[in-house]
Structures are given as structure tokens and as C-alpha cells.
Amino acid sequence: MDIRSTIRRRISIRHYESRPIPEELLQEVVGSGENSVALDDNIGIRLHLVKEGRLVAERMTPLTGARWLFGSAPHFIIATSEEKPLFMLNMGFRMEQMILFATEQGLGTCWVGGMFAEERLGTFLGLGKGERVIALTPLGCPDTSFYGRATHDLFELGAMNFGRRKPLQQIAFGPDWDSPLETEDKELLEALECARLAPSWANTQPWRFLVTGKEIIAVADAKGRYSSVRDGKHYYRLDVGIAMAHFFLGAKEMGWSGSWQVIGFDPAQVAKAHAIPDGYEVLGTYRR
Ligand SMILES: Cc1cc2nc3c(=O)[nH]c(=O)nc-3n(C[C@H](O)[C@H](O)[C@H](O)COP(=O)(O)O)c2cc1C
């Protein structure tokens, strides 16, 4: 299946069939994350496969309903990272490549950024100082019964826009902030559509894109809604990393050879040049 169909098909799976996934496929999923393209190669990440899902579910926060929802998952992958500048953006970009690979294989996943106490999972994994637990995902065959589907839909009722995505005009602009995007470039519109469909913390969709003559600028709404900033971890940055991965993969599939630059430019200068207001962060630029 092509990546753009996979992006359109992926949803957060919150209830699973109990049957285990074959070992080889589990290793392939982890490998897809370990071999994913990084935004910053100097940030070490690890993807810890926990084959006995119960061991993770029982360590998640009970009052959030996590154990009830994800206790059905046969496996989990826990993503940890060195704590360095851009670590959240980088993790969003990398882990989403793994999530999409798993989706392509017909497996269910769900980004989980809340519903766990970092210390508890850190102790379970035996993490050293400076390595942070960023997120986890259950992994297994989606429960496609009415009950399984209802766990998705019920949760999305509490998410922003009831889980629906913002229209493109609200997230993609011309060269200046809030200037309308005027383009008939079908490939560019398709790559932006891939980004628009990305999953995010409580569906907050904090990504914005400015399209200038020669590049695309990725910007984050830094308001941090729905408690998306916790203990020095800015999940809105991670969300933008996910949307950047969708853009990158969609564009690549259409033959673009560009990549995102996240270092080596002055964000304040870019913000000034494109009238990006306070409360927004410039996180990367893509050149085709
Ligand atoms: C960084 C991040 C953290 C998330 N944390 C949770 C979580 O703790 N629990 C949960 O059930 N869903 C979580 N989600 C899933 C979102 O709620 C979901 O992606 C969003 O509502 C859109 O729905 P969809 O993924 O089905 O398209 C998270 C998603 C992201 C990207």
C-alpha cells in the first residue's frame, strides 16, 4: 500500500485483539523506527519492544482508563530519547514513520503521550539519567468489533473538533502569516493534505505551514492546549514533527527529493521576515 493511502487510513486504535503478532513482524516494526529518517542525527532514541503488553498496561495511570483501553494490547513499544534541543520534534518525526509502517502491515497503534507516569516506566525500563520516556504505542490487531470502534469514537468526542481536522486554509498560508495560500501545484497541495491529516495530542493540530516561493516553513502554535506541555516535554513540538513526517513521506512518494532543515537558521529572523506573531515557533524549513 502506498504511504498516502496509509496516512488516510490510520486512526488511533484503543482496543485490540489479544492474539500476539509474529516475532518477525514485531522486529520489522521496531526496525522501521530504528532505521527511520531523523531530523537531527545527534539525538539518540530507543524503541523498547515489550512483548508482554500487560506489563506496560498495568503500569499506566488507572484513573485515565488507560488500563481498561490498552490492557487488551498484546504488545507495546515505548519510545525514549536523549533530552537535547529538538528532541520532541525529532521523536514525532521518527516514531510516526514507525506508526505508518505498522499501519501499512495492517496493525493497530495509538500514540500515547499522557496516561502514564514517566518515572514508573523509566524504572521499569531501567533508564539512565538524561533519557526521557516520550511516548508509547500499543501494538496489535485492531479490534474491529462494534465495541472496538466505539472506544475510538468515544475518546474522540472529548478531543478537539471531535477528532476532525482543521481545513487546509486554517493551517497553510502564503509567504506571510495569514496570507491565503494561492497555488495550483497539485503535488504541493497533496503533501500539505498529508500533513493536515496527522494525529496530534488530543487532536490539537498545532502545525502551521507557510509556503514561500522557494520553501515551506513549519511553525508550531505554542499555546500548549490540553496540558500538552509536561515536565519539560513540549508535545506540540512532537505533533509538528509528526505532521512534518507526513509531508516529507507524501512528497517523497511523489518524487520530491527535499528534506526538512531544523538547525542552521535563526528562527527569530524567519519569524520576522514572514510576520509570524508571538506565541508561534518556527521549527523547520523544507526545500524541494
Ligand atoms: C503526541 C500524542 C499524544 C497522544 N496521547 C494520547 C493518549 O495519551 N491517550 C489516547 O488515547 N490518545 C492519545 N493520542 C491520540 C490522539 O488523541 C489522536 O491522534 C487524535 O485525537 C486524532 O485521532 P486519530 O489518531 O484517530 O486520527 C495522542 C496523540 C499524539 C500525537
# chains A, B, ... in the order shown; residues from 1 in each chain; ligands from 1
$ residues_around --residues "A:Arg59" --least-positions-apart "5" --cutoff "9 Å" --atoms "only C-alpha atoms" --output "number ranges by chain"
A: 54, 67, 116-117, 120-121, 124
$ closest_atom_pairs --of "chain A" --to "ligand 1" --cutoff "6 Å" --atoms "only C-alpha atoms and all ligand atoms" --output "CSV"
residue,atom,partner,partner_atom_place_in_ligand_line,distance
A:Ile11,CA,ligand 1,26 (O),3.6
A:Ser12,CA,ligand 1,26 (O),3.9
A:Cys110,CA,ligand 1,15 (C),5.9
A:Trp111,CA,ligand 1,28 (C),4.5
A:Val112,CA,ligand 1,5 (N),3.6
A:Gly113,CA,ligand 1,3 (C),3.9
A:Gly114,CA,ligand 1,8 (O),3.7
A:Met115,CA,ligand 1,8 (O),5.0
A:Glu156,CA,ligand 1,21 (O),5.4
A:Ala159,CA,ligand 1,21 (O),5.4
A:Gly163,CA,ligand 1,21 (O),5.0
A:Pro199,CA,ligand 1,19 (O),3.9
A:Ser200,CA,ligand 1,31 (C),3.3
A:Trp201,CA,ligand 1,30 (C),3.9
A:Ala202,CA,ligand 1,17 (O),4.0
A:Asn203,CA,ligand 1,21 (O),4.0
A:Tyr235,CA,ligand 1,1 (C),5.6
A:Asp239,CA,ligand 1,31 (C),5.4
$ closest_residue --among "A:Gly158, A:Gly213, A:Gly53, A:Gly92" --to "A:Lys233" --atoms "only C-alpha atoms"
A:Gly92
$ select_by_dssp --residues "stretch 79-189 of chain A" --states "alpha helix (DSSP H)" --output "PyMOL selection string"
chain A and resi 87-104+118-125+146-157+186-189
$ atom_distance --atom1 "atom CA of A:Pro206" --atom2 "atom CA of A:Pro62"
28.0 Å
$ residues_around --residues "A:Thr123" --least-positions-apart "5" --cutoff "12 Å" --atoms "only C-alpha atoms" --output "ChimeraX atom specification"
/A:56,59,117-118,128-129,131-133
$ write_last_selection --atoms "C-alpha atoms" --output "PDB file, in the first residue's frame"
ATOM      1  CA  VAL A  56       3.062  -1.868  30.398  1.00  0.00           C
ATOM      2  CA  ARG A  59       1.959   0.474  34.905  1.00  0.00           C
ATOM      3  CA  ALA A 117       3.884   8.372  34.939  1.00  0.00           C
ATOM      4  CA  GLU A 118       7.286   8.787  33.354  1.00  0.00           C
ATOM      5  CA  GLY A 128      19.729   6.205  32.890  1.00  0.00           C
ATOM      6  CA  LYS A 129      19.854   9.913  33.654  1.00  0.00           C
ATOM      7  CA  GLU A 131      16.928   9.626  28.881  1.00  0.00           C
ATOM      8  CA  ARG A 132      13.274  10.579  28.786  1.00  0.00           C
ATOM      9  CA  VAL A 133      10.190   8.474  28.172  1.00  0.00           C
TER      10      VAL A 133
END
$ select_by_dssp --residues "stretch 75-205 of chain A" --states "strand (DSSP E or B)" --output "PyMOL selection string"
chain A and resi 75-82+108-109+112+116+131-140+142+172-173+180
$ closest_residue --among "A:Arg149, A:Leu238, A:Glu119, A:Asp221" --to "A:Thr61" --atoms "only C-alpha atoms"
A:Glu119
$ residues_around --residues "A:Leu168" --least-positions-apart "2" --cutoff "10 Å" --atoms "only C-alpha atoms" --output "list in words"
Arg165, Lys166, Gln170, Ile171, Ala172, Phe173, Leu181, Leu189, Leu192, Glu193, Ala195, Arg196, Leu197, Arg208 and Phe209 of chain A
$ write_last_selection --atoms "C-alpha atoms" --output "compact mmCIF listing (two decimals), in the first residue's frame"
# COMPACT_ATOMS: atom_id res chain seq x y z
CA ARG A 165 -9.10 18.01 11.15
CA LYS A 166 -8.97 21.75 10.51
CA GLN A 170 -6.53 27.36 8.62
CA ILE A 171 -3.16 25.65 8.66
CA ALA A 172 -1.42 26.58 5.41
CA PHE A 173 -0.69 30.13 4.33
CA LEU A 181 -2.22 30.05 0.13
CA LEU A 189 -1.42 20.55 -2.06
CA LEU A 192 0.08 19.57 2.70
CA GLU A 193 -3.01 17.37 2.83
CA ALA A 195 0.38 16.90 6.91
CA ARG A 196 -3.15 18.09 7.66
CA LEU A 197 -4.28 14.53 8.40
CA ARG A 208 1.03 25.73 10.52
CA PHE A 209 2.82 25.92 7.18
$ atom_distance --atom1 "atom CA of A:Ile45" --atom2 "atom CA of A:Leu125"
13.7 Å
$ residues_around --residues "stretch 142-146 of chain A" --least-positions-apart "6" --cutoff "12 Å" --atoms "only C-alpha atoms" --output "ChimeraX atom specification"
/A:10-21,69-70,72-74,102-103,105-110,152-154
$ write_last_selection --atoms "N, CA and C atoms" --output "tab-separated table (two decimals), in the first residue's frame"
chain	number	residue	atom	x	y	z
A	10	ARG	N	-4.96	5.51	8.64
A	10	ARG	CA	-4.54	5.37	10.04
A	10	ARG	C	-5.51	6.06	11.00
A	11	ILE	N	-5.89	5.37	12.04
A	11	ILE	CA	-6.59	6.02	13.15
A	11	ILE	C	-6.01	5.45	14.45
A	12	SER	N	-6.27	6.13	15.55
A	12	SER	CA	-5.80	5.63	16.84
A	12	SER	C	-6.64	4.44	17.26
A	13	ILE	N	-5.98	3.32	17.48
A	13	ILE	CA	-6.71	2.10	17.89
A	13	ILE	C	-6.61	1.98	19.41
A	14	ARG	N	-7.76	1.92	20.06
A	14	ARG	CA	-7.76	1.89	21.54
A	14	ARG	C	-8.30	0.59	22.11
A	15	HIS	N	-8.52	-0.38	21.23
A	15	HIS	CA	-8.87	-1.72	21.73
A	15	HIS	C	-8.38	-2.76	20.73
A	16	TYR	N	-7.84	-3.89	21.26
A	16	TYR	CA	-7.10	-4.83	20.42
A	16	TYR	C	-7.59	-6.25	20.57
A	17	GLU	N	-7.31	-7.04	19.54
A	17	GLU	CA	-7.47	-8.50	19.69
A	17	GLU	C	-6.29	-8.98	20.53
A	18	SER	N	-6.51	-10.03	21.30
A	18	SER	CA	-5.44	-10.44	22.22
A	18	SER	C	-4.34	-11.26	21.54
A	19	ARG	N	-4.60	-11.77	20.31
A	19	ARG	CA	-3.59	-12.67	19.71
A	19	ARG	C	-2.28	-11.94	19.42
A	20	PRO	N	-1.17	-12.61	19.71
A	20	PRO	CA	0.14	-11.97	19.52
A	20	PRO	C	0.52	-11.82	18.05
A	21	ILE	N	1.41	-10.92	17.80
A	21	ILE	CA	1.92	-10.66	16.44
A	21	ILE	C	3.19	-11.51	16.26
A	69	LEU	N	-8.58	0.55	28.45
A	69	LEU	CA	-8.49	0.67	26.99
A	69	LEU	C	-7.36	-0.19	26.44
A	70	PHE	N	-6.16	0.04	26.96
A	70	PHE	CA	-4.98	-0.54	26.31
A	70	PHE	C	-4.56	-1.87	26.93
A	72	SER	N	-5.90	-4.46	26.59
A	72	SER	CA	-6.16	-5.51	25.60
A	72	SER	C	-4.97	-5.70	24.64
A	73	ALA	N	-4.05	-4.76	24.61
A	73	ALA	CA	-2.98	-4.80	23.59
A	73	ALA	C	-1.97	-5.91	23.91
A	74	PRO	N	-1.66	-6.76	22.91
A	74	PRO	CA	-0.71	-7.84	23.20
A	74	PRO	C	0.72	-7.32	23.40
A	102	ALA	N	3.72	0.28	10.63
A	102	ALA	CA	2.85	-0.70	11.30
A	102	ALA	C	1.45	-0.67	10.69
A	103	THR	N	0.96	0.52	10.40
A	103	THR	CA	-0.39	0.66	9.80
A	103	THR	C	-0.41	-0.04	8.44
A	105	GLN	N	1.17	-2.54	7.59
A	105	GLN	CA	1.13	-4.01	7.79
A	105	GLN	C	-0.22	-4.46	8.34
A	106	GLY	N	-1.16	-3.54	8.48
A	106	GLY	CA	-2.49	-3.90	8.99
A	106	GLY	C	-2.57	-3.91	10.51
A	107	LEU	N	-1.51	-3.40	11.17
A	107	LEU	CA	-1.51	-3.40	12.64
A	107	LEU	C	-2.13	-2.12	13.18
A	108	GLY	N	-2.59	-2.21	14.42
A	108	GLY	CA	-3.15	-1.04	15.08
A	108	GLY	C	-2.13	-0.42	16.02
A	109	THR	N	-2.19	0.91	16.14
A	109	THR	CA	-1.30	1.66	17.02
A	109	THR	C	-2.09	2.82	17.63
A	110	CYS	N	-1.53	3.45	18.64
A	110	CYS	CA	-2.10	4.69	19.16
A	110	CYS	C	-0.99	5.44	19.88
A	152	HIS	N	-12.73	4.07	20.05
A	152	HIS	CA	-12.11	5.16	19.29
A	152	HIS	C	-13.04	6.38	19.27
A	153	ASP	N	-14.28	6.15	18.87
A	153	ASP	CA	-15.20	7.27	18.66
A	153	ASP	C	-15.52	7.99	19.97
A	154	LEU	N	-15.66	7.23	21.06
A	154	LEU	CA	-15.98	7.86	22.35
A	154	LEU	C	-14.86	8.78	22.79
$ closest_atom_pairs --of "stretch 174-227 of chain A" --to "stretch 274-278 of chain A" --cutoff "8 Å" --atoms "only C-alpha atoms" --output "Markdown table"
| residue | atom | partner | partner_atom | distance |
| --- | --- | --- | --- | --- |
| A:Pro175 | CA | A:His274 | CA | 6.4 |
| A:Asp176 | CA | A:His274 | CA | 4.7 |
| A:Trp177 | CA | A:Ile276 | CA | 5.4 |
$ residues_around --residues "A:Glu104" --least-positions-apart "3" --cutoff "12 Å" --atoms "only C-alpha atoms" --output "mmCIF file with C-alpha atoms, in the first residue's frame"
data_model
loop_
_atom_site.group_PDB
_atom_site.id
_atom_site.type_symbol
_atom_site.label_atom_id
_atom_site.label_comp_id
_atom_site.auth_asym_id
_atom_site.auth_seq_id
_atom_site.Cartn_x
_atom_site.Cartn_y
_atom_site.Cartn_z
ATOM 1 C CA MET A 1 0.000 0.000 0.000
ATOM 2 C CA ASP A 2 1.295 3.483 -0.737
ATOM 3 C CA ILE A 3 2.074 5.883 2.064
ATOM 4 C CA ARG A 4 -0.571 8.427 1.128
ATOM 5 C CA SER A 5 -3.337 5.802 1.412
ATOM 6 C CA THR A 6 -1.821 4.626 4.693
ATOM 7 C CA ILE A 7 -1.917 8.181 6.049
ATOM 8 C CA ARG A 8 -5.598 8.376 5.127
ATOM 9 C CA ARG A 9 -6.366 5.008 6.693
ATOM 10 C CA ARG A 10 -4.540 5.366 10.042
ATOM 11 C CA ILE A 11 -6.594 6.019 13.150
ATOM 12 C CA LEU A 25 6.837 -8.702 12.118
ATOM 13 C CA GLU A 28 10.300 -5.291 11.429
ATOM 14 C CA VAL A 29 8.115 -2.671 13.095
ATOM 15 C CA SER A 32 11.287 0.691 10.816
ATOM 16 C CA GLN A 97 7.455 6.648 10.387
ATOM 17 C CA MET A 98 7.201 3.515 12.530
ATOM 18 C CA ILE A 99 3.489 4.051 13.217
ATOM 19 C CA LEU A 100 2.815 4.340 9.482
ATOM 20 C CA PHE A 101 4.888 1.251 8.732
ATOM 21 C CA LEU A 107 -1.508 -3.399 12.636
ATOM 22 C CA GLY A 108 -3.154 -1.038 15.082
ATOM 23 C CA THR A 109 -1.297 1.663 17.024
#
$ closest_residue --among "A:Ala198, A:Met254, A:Leu39, A:Ile77" --to "A:Met91" --atoms "only C-alpha atoms"
A:Leu39
$ atom_distance --atom1 "atom CA of A:Ile216" --atom2 "atom CA of A:Ser259"
10.3 Å
$ closest_residue --among "A:Trp260, A:Phe265, A:Trp207, A:Trp68" --to "A:Arg237" --atoms "only C-alpha atoms"
A:Trp207
$ closest_residue --among "A:His48, A:Tyr147, A:Ala191, A:Lys214" --to "A:Ile134" --atoms "only C-alpha atoms"
A:His48
$ closest_residue --among "A:Val37, A:Val30, A:Leu136, A:Ile43" --to "A:Ile78" --atoms "only C-alpha atoms"
A:Leu136
